[in-house]
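Enquirer: Here you go, one structure.
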Amino acid sequence: MSEPILVARGVTKVFELGRQQVRALRGVDLEVREGEFLALVGPSGSGKTTLLNLVGALDLPTSGELRVLGQSIAVLSRRQRADLRLRSIGFVFQAFNLVPVLTALENVEFVLELQGLEHRRERARAVLQELGLAELADRRPSELSGGQQQRVAVARAVAARPALVLADEPTANLDGENAEILMHMMRDLRERHGMTFIFSTHDPRVIAHAVRVVTLVDGRVARDEVTPGEAPHEIIPGIGKAPVSAIA
Amino acid sequence: MGTAWTYALRSLRRNARRTALSIVGIGIGCALALFMESLNRGRDELFARMGAYGGAGHVRIVPNGWRERRDPRLRLANLAADVEAVRQLPGVAAVTIRARAQSLVAMGTHVVPVEIVGVDPQTEPSTNRFARNVSQGRYLQSSDTGTVVIGQAIADRLVAGLDDEILATAVGRSGDIESTLLRIVGIVRTGSDEIDATICHVVLADVERLTGLGGAGEVTLILEDWERADLAKASLSQAVRAGDEVLTWGEISPEFKGHLEQDNAVSRLVSGIILLIVVLGVASAQLAAVLERRREFAVLSALGMRSRTIVAVLLQEALAIGVASAALGLTIGLPFVWWLTTRGIDLSRYMGASYSFQGVLIEPIIYGDAGAWTAWYVLTVAILVTVAASLYPAWFASRTNPADALRVA
């Protein structure tokens, strides 16, 4: 059995809003293994985004143990957390959040440049090609539809072949057709490259694609279900991270 | 060019009006600073030239102890070696030797205390502009003996004119009072009574005769480039033998140099205040730009961009603004500098045809200085201003907490 990519034990997160304390997470226990395709679901305010932020090392837990890719998030410095995100975690946001002044190709290339990789332009082009976005390479975000922007955002997130991709409501701003395209794209990536996907969503059509569905209610895991016949850690045994050069 | 540069440069076009205003602000600030600097340098050059050609020279070899005591009776220990050392020094435009004596000059019942300067009539005019501007009579000649050239103020106080004989009295080598008659062959009118009251030139032999002290009290040099005085001093100091020492014009006239430095400090303070105002204005604009892009920086941070990379990107933007501002600053500033260097600022309306400052006669027209330094100066100032203005916004952006920024946005 592979090492868990994510281990959460009694994770809490409390926000201070003036004199008021908001307990966003009240003790989350969760274990995610490599190659899983996991949906975090739950009503608004249940703690989905907060949990994704903690897993993505964007924020620190108030208490509890949170290990991502073998590293305890709580003890990492700001720089170490940035490095962890850069090397191992990809993000897809609800609002796409592409850099508006860069083309689709440059948005992908920028992440590779941050990593200090060589042949960035070729690699970025190859990623767009693989995801069927080659014809959008030279367009800026303002020249792309929402669906196209989100697919480019996925390309940016996976360009450096991270072990873990986090997506916060990735289909919330997409119509049904684009949501389907996006989910297929993410499943394809997971099956081809063995990446682990964790995404939050309300959308039942998206939930239908998930192999495992974790339901959060009031900052706790209320349900943890696996699609029948698809034990998450047994779906793609032996598939590791493919090197970027493999697609170049 | 990397994507980070592309990102930085294109980001400047997001709010083109703000970027343009920043560039205009910095450009005007740089142009003003350039004008002030040109004026400062021109004034420095003018004052140094006036001082040097007023007799001080750029560099002077004097006997040990002269610097502290300013005793005109001191004589060089190794005149021949000193002159040889000067001969070997490159970049010397003119050189002369002098000997001085404290004296009283009198005619009839009128007496004036004065420092008599014994000169070499052949070389003195090349180092002293007063020797070239005798208003009545002539300057000294090598064959002269018992002759004197005096300033108009001394002539007025003595009620003396050309060909009159005045009695010069000084303390001789043995401590006795020595006197000699000197015939006035020339009168110098500089336009400044203060300066005219200091001019009393005789040939070296007459000073020797009056004081009983042979040799010379100084070797005075005029350099081709006055700014190389310190270098010339360093070179000469190695060659000059013990007993004598080398001084620059600033050491010869420390009050004059101090006053110049004080004036320059005030001018640069004014430039600094102008640029500080520009820095604060640009910093405000940059901070607004950073706040507008807070979500974007949060996203980039989430993607793994380090704090220092965010700072670097914003400094790249500042660098681009700086270069553009420098180009604008030069475009605006150079015509004014050109005017300053060719027409100059004529202060004669306020101070007459000439005035003296710390014992140095100053011409009333101040010209600016120009040269290759203007480009480097403006580029340096513009980049320093933009980088200084961007440091706080860049730091602020680098401290963006991605989770907070994304949650708020």
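Each chain in the structure tokens gets a letter, A, B and so on, in the order shown; residues start at 1 in every chain, and ligands are counted from 1 in the order they appear.
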Please identify which residues in region 267-356 of chain B DSSP calls alpha helix (DSSP H) from the backbone, and express them as a VMD selection string.

Expert: chain B and resid 267 to 292 294 to 302 307 to 342 348 to 351

Enquirer: Residues of chain A were defined as contacting chain B if any atom lay at most 7 Å from it, counting only C-alpha atoms; please report them as a VMD selection string.

Expert: chain A and resid 53 58 to 59 79 82 to 83 85 to 86 90 to 91 97 99 101 to 102 106 110 114

Enquirer: From the set B:Asp71, B:Glu115, B:Glu317, B:Asp369, which residue has the shortest atom-to-atom contact distance to Cys200 (chain B), counting only C-alpha atoms?

Expert: B:Glu115

Enquirer: List the neighbours of region 76-88 of chain B out to 6 Å using only C-alpha atoms; skip same-chain residues closer than 6 positions along the sequence, and give me the result as a PDB file with C-alpha atoms, in the first residue's frame.

Expert:
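result-v9.pdb, freshly written:
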```pdb
ATOM      1  CA  PRO B  63      57.436  73.963   3.427  1.00  0.00           C
ATOM      2  CA  ALA B 216      61.001  80.261  -2.679  1.00  0.00           C
ATOM      3  CA  GLY B 217      58.133  79.706  -0.300  1.00  0.00           C
ATOM      4  CA  ALA B 239      58.386  62.532  -5.262  1.00  0.00           C
ATOM      5  CA  VAL B 240      58.683  65.550  -2.961  1.00  0.00           C
ATOM      6  CA  GLY B 243      60.900  69.083   4.540  1.00  0.00           C
TER       7      GLY B 243
END
```

Enquirer: Measuring between only C-alpha atoms, which one of A:Met185, A:Val92, A:Leu117, A:Val28 shows the shortest distance to Asp218 (chain A)?

Expert: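 Looking at the shortest contact to Asp218 (chain A), the residue is A:Val28.
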
Enquirer: According to DSSP computed on the backbone, where in region 31-183 of chain B is there strand (DSSP E)? Give the residues as a PyMOL selection string.

Expert: chain B and resi 59-63+92-107+110-119+134-137+147-151+165-171+177-183

Enquirer: Store the residues picked out above, limited to N, CA and C atoms, as a short mmCIF file (atom, residue, chain, number, x, y, z; two decimals), in the first residue's frame.

Expert:
```cif
data_model
loop_
_atom_site.label_atom_id
_atom_site.label_comp_id
_atom_site.auth_asym_id
_atom_site.auth_seq_id
_atom_site.Cartn_x
_atom_site.Cartn_y
_atom_site.Cartn_z
N VAL B 59 47.24 72.91 -6.93
CA VAL B 59 48.11 72.15 -6.03
C VAL B 59 49.31 73.03 -5.71
N ARG B 60 49.79 72.93 -4.49
CA ARG B 60 50.92 73.77 -4.11
C ARG B 60 51.89 72.96 -3.25
N ILE B 61 53.18 73.13 -3.53
CA ILE B 61 54.20 72.53 -2.67
C ILE B 61 54.66 73.62 -1.71
N VAL B 62 54.60 73.33 -0.43
CA VAL B 62 54.95 74.33 0.58
C VAL B 62 55.91 73.70 1.59
N PRO B 63 56.57 74.53 2.37
CA PRO B 63 57.44 73.96 3.43
C PRO B 63 56.59 73.32 4.51
N VAL B 92 49.95 68.93 -16.04
CA VAL B 92 50.19 70.25 -15.43
C VAL B 92 50.08 71.31 -16.53
N ALA B 93 49.18 72.26 -16.33
CA ALA B 93 48.99 73.31 -17.34
C ALA B 93 49.98 74.46 -17.15
N ALA B 94 50.29 74.78 -15.92
CA ALA B 94 51.21 75.89 -15.65
C ALA B 94 51.80 75.73 -14.26
N VAL B 95 52.98 76.31 -14.07
CA VAL B 95 53.62 76.22 -12.76
C VAL B 95 54.43 77.49 -12.52
N THR B 96 54.47 77.92 -11.28
CA THR B 96 55.28 79.09 -10.94
C THR B 96 55.80 78.95 -9.52
N ILE B 97 56.79 79.76 -9.18
CA ILE B 97 57.28 79.76 -7.81
C ILE B 97 57.11 81.15 -7.22
N ARG B 98 56.94 81.19 -5.90
CA ARG B 98 56.72 82.49 -5.24
C ARG B 98 57.41 82.50 -3.88
N ALA B 99 57.62 83.69 -3.39
CA ALA B 99 58.06 83.87 -2.01
C ALA B 99 57.29 85.06 -1.45
N ARG B 100 56.90 84.97 -0.19
CA ARG B 100 56.04 86.03 0.37
C ARG B 100 56.72 86.70 1.56
N ALA B 101 56.24 87.89 1.85
CA ALA B 101 56.78 88.60 3.01
C ALA B 101 55.70 89.53 3.57
N GLN B 102 55.53 89.49 4.88
CA GLN B 102 54.60 90.43 5.52
C GLN B 102 55.28 91.80 5.55
N SER B 103 54.56 92.80 5.17
CA SER B 103 55.22 94.08 5.00
C SER B 103 54.26 95.24 5.27
N LEU B 104 54.85 96.39 5.44
CA LEU B 104 54.09 97.63 5.44
C LEU B 104 54.59 98.43 4.25
N VAL B 105 53.67 98.93 3.47
CA VAL B 105 54.10 99.80 2.38
C VAL B 105 53.58 101.21 2.69
N ALA B 106 54.39 102.18 2.37
CA ALA B 106 54.03 103.54 2.76
C ALA B 106 54.41 104.52 1.67
N MET B 107 53.63 105.58 1.60
CA MET B 107 54.01 106.71 0.76
C MET B 107 53.53 107.96 1.48
N HIS B 110 50.88 107.92 4.38
CA HIS B 110 49.92 106.81 4.25
C HIS B 110 50.64 105.47 4.34
N VAL B 111 50.10 104.59 5.15
CA VAL B 111 50.72 103.28 5.36
C VAL B 111 49.66 102.18 5.19
N VAL B 112 50.04 101.14 4.50
CA VAL B 112 49.11 100.01 4.29
C VAL B 112 49.85 98.70 4.62
N PRO B 113 49.27 97.87 5.48
CA PRO B 113 49.86 96.54 5.69
C PRO B 113 49.51 95.63 4.52
N VAL B 114 50.47 94.88 4.04
CA VAL B 114 50.20 94.05 2.86
C VAL B 114 51.16 92.87 2.83
N GLU B 115 50.74 91.80 2.19
CA GLU B 115 51.64 90.67 1.98
C GLU B 115 52.26 90.82 0.59
N ILE B 116 53.56 91.10 0.58
CA ILE B 116 54.26 91.23 -0.71
C ILE B 116 54.51 89.84 -1.26
N VAL B 117 54.20 89.67 -2.55
CA VAL B 117 54.42 88.37 -3.19
C VAL B 117 55.56 88.52 -4.20
N GLY B 118 56.63 87.78 -3.96
CA GLY B 118 57.72 87.76 -4.92
C GLY B 118 57.43 86.71 -5.98
N VAL B 119 57.47 87.13 -7.24
CA VAL B 119 57.04 86.22 -8.31
C VAL B 119 58.13 86.09 -9.37
N VAL B 134 46.44 93.98 -15.99
CA VAL B 134 46.92 95.23 -15.38
C VAL B 134 46.18 96.38 -16.06
N SER B 135 45.49 97.22 -15.25
CA SER B 135 44.67 98.27 -15.84
C SER B 135 45.48 99.53 -16.16
N GLN B 136 46.54 99.75 -15.40
CA GLN B 136 47.42 100.89 -15.70
C GLN B 136 48.86 100.38 -15.69
N GLY B 137 49.63 100.83 -16.64
CA GLY B 137 51.04 100.44 -16.68
C GLY B 137 51.21 99.04 -17.23
N THR B 147 60.83 97.23 -8.49
CA THR B 147 59.53 97.63 -9.07
C THR B 147 58.41 96.85 -8.39
N VAL B 148 57.21 97.38 -8.52
CA VAL B 148 56.06 96.71 -7.88
C VAL B 148 54.80 96.93 -8.72
N VAL B 149 53.93 95.91 -8.69
CA VAL B 149 52.58 96.04 -9.26
C VAL B 149 51.62 95.92 -8.09
N ILE B 150 50.73 96.89 -7.93
CA ILE B 150 49.82 96.87 -6.78
C ILE B 150 48.37 96.93 -7.25
N GLY B 151 47.50 96.57 -6.33
CA GLY B 151 46.07 96.66 -6.60
C GLY B 151 45.59 98.09 -6.45
N GLU B 165 57.11 106.13 -6.02
CA GLU B 165 57.92 105.19 -5.26
C GLU B 165 57.31 105.00 -3.88
N ILE B 166 57.18 103.76 -3.48
CA ILE B 166 56.64 103.48 -2.16
C ILE B 166 57.73 102.78 -1.35
N LEU B 167 57.63 102.93 -0.04
CA LEU B 167 58.62 102.32 0.83
C LEU B 167 58.04 101.05 1.42
N ALA B 168 58.71 99.93 1.17
CA ALA B 168 58.27 98.65 1.73
C ALA B 168 59.16 98.31 2.91
N THR B 169 58.54 97.95 4.02
CA THR B 169 59.28 97.62 5.24
C THR B 169 58.88 96.23 5.72
N ALA B 170 59.89 95.42 6.07
CA ALA B 170 59.59 94.07 6.56
C ALA B 170 60.62 93.68 7.59
N VAL B 171 60.32 92.61 8.33
CA VAL B 171 61.28 92.10 9.31
C VAL B 171 62.25 91.20 8.57
N ILE B 177 64.59 95.42 11.16
CA ILE B 177 63.64 95.98 10.21
C ILE B 177 64.40 96.35 8.94
N GLU B 178 63.91 95.86 7.80
CA GLU B 178 64.55 96.15 6.52
C GLU B 178 63.56 96.93 5.66
N SER B 179 64.09 97.83 4.85
CA SER B 179 63.22 98.64 3.98
C SER B 179 63.81 98.70 2.58
N THR B 180 62.94 98.92 1.63
CA THR B 180 63.40 99.11 0.26
C THR B 180 62.38 99.96 -0.49
N LEU B 181 62.87 100.71 -1.45
CA LEU B 181 61.98 101.53 -2.26
C LEU B 181 61.53 100.73 -3.49
N LEU B 182 60.26 100.83 -3.80
CA LEU B 182 59.71 100.11 -4.95
C LEU B 182 58.96 101.11 -5.83
N ARG B 183 59.24 101.06 -7.10
CA ARG B 183 58.57 101.97 -8.03
C ARG B 183 57.35 101.27 -8.64
#
```

Enquirer: Pick the closest to Glu37 (chain B) from B:Ala155, B:Val385, B:Val266, B:Ala397: which is it, counting only C-alpha atoms?

Expert: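 Selected residue with least distance to Glu37 (chain B): B:Val266.
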
Enquirer: Leaving out Val32 (chain A) and any residue of its chain fewer than 4 positions from it, which residues lie within 8 Å of it when counting only C-alpha atoms, given as an MDAnalysis selection string?

Expert: chainID A and resid 4:7 36

Enquirer: Quick one: write out the picked residues with N, CA and C atoms as a PDB file, in the first residue's frame?

Expert:
```pdb
ATOM      1  N   PRO A   4       0.368   7.473   2.406  1.00  0.00           N
ATOM      2  CA  PRO A   4      -0.664   8.514   2.220  1.00  0.00           C
ATOM      3  C   PRO A   4      -0.023   9.829   1.786  1.00  0.00           C
ATOM      4  N   ILE A   5      -0.678  10.479   0.833  1.00  0.00           N
ATOM      5  CA  ILE A   5      -0.169  11.774   0.371  1.00  0.00           C
ATOM      6  C   ILE A   5      -0.631  12.881   1.321  1.00  0.00           C
ATOM      7  N   LEU A   6      -1.723  12.579   1.999  1.00  0.00           N
ATOM      8  CA  LEU A   6      -2.288  13.540   2.953  1.00  0.00           C
ATOM      9  C   LEU A   6      -2.769  12.791   4.194  1.00  0.00           C
ATOM     10  N   VAL A   7      -2.336  13.302   5.345  1.00  0.00           N
ATOM     11  CA  VAL A   7      -2.817  12.751   6.613  1.00  0.00           C
ATOM     12  C   VAL A   7      -3.257  13.910   7.492  1.00  0.00           C
ATOM     13  N   GLU A  36      -5.590   9.305  -5.856  1.00  0.00           N
ATOM     14  CA  GLU A  36      -7.025   9.409  -5.595  1.00  0.00           C
ATOM     15  C   GLU A  36      -7.636  10.566  -6.383  1.00  0.00           C
TER      16      GLU A  36
END
```

Enquirer: Using only C-alpha atoms for the distances, tell me which of A:Ala179, A:Ala126, A:Leu60, A:Met195 is nearest to Leu166 (chain A).

Expert: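 Of all the options, A:Met195 lies closest to Leu166 (chain A).
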
Enquirer: Calculated over only C-alpha atoms, which of the candidates B:Asp196, B:Gly214, B:Pro125, B:Cys30 has the smallest distance to Leu384 (chain B)?

Expert: B:Cys30

Enquirer: Between CA of Arg121 (chain A) and CA of Ala159 (chain A), what distance in Å does the model show, to one decimal?

Expert: 11.2 Å

Enquirer: Could you list, as number ranges by chain, every residue within 9 Å of Gly45 (chain A), counting only C-alpha atoms and ignoring same-chain residues fewer than 4 positions away?

Expert: A: 24, 49, 217-219

Enquirer: Which residues are near Leu131 (chain A)? Cut-off 12 Å, only C-alpha atoms, ignore same chain within fewer than 5 positions. Put them as JSON, numbers by chain.

Expert: {"A": [124, 125, 126, 136, 137, 148, 150, 151, 152, 153, 154, 155, 156, 158, 159, 181, 182, 184, 185, 186, 187, 188, 189, 192, 247]}

Enquirer: State, in Å with one decimal place, the distance from CA of Arg73 (chain B) to CA of Ile252 (chain B).

Expert: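 Separating CA of Arg73 (chain B) from CA of Ile252 (chain B) is a distance of 16.5 Å.
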
Enquirer: Near Arg205 (chain A), counting only C-alpha atoms, which residues have an atom at most 12 Å away, once you skip same-chain residues fewer than 5 positions from it, shown as a ChimeraX atom specification?

Expert: /A:39,171-172,174-184,210
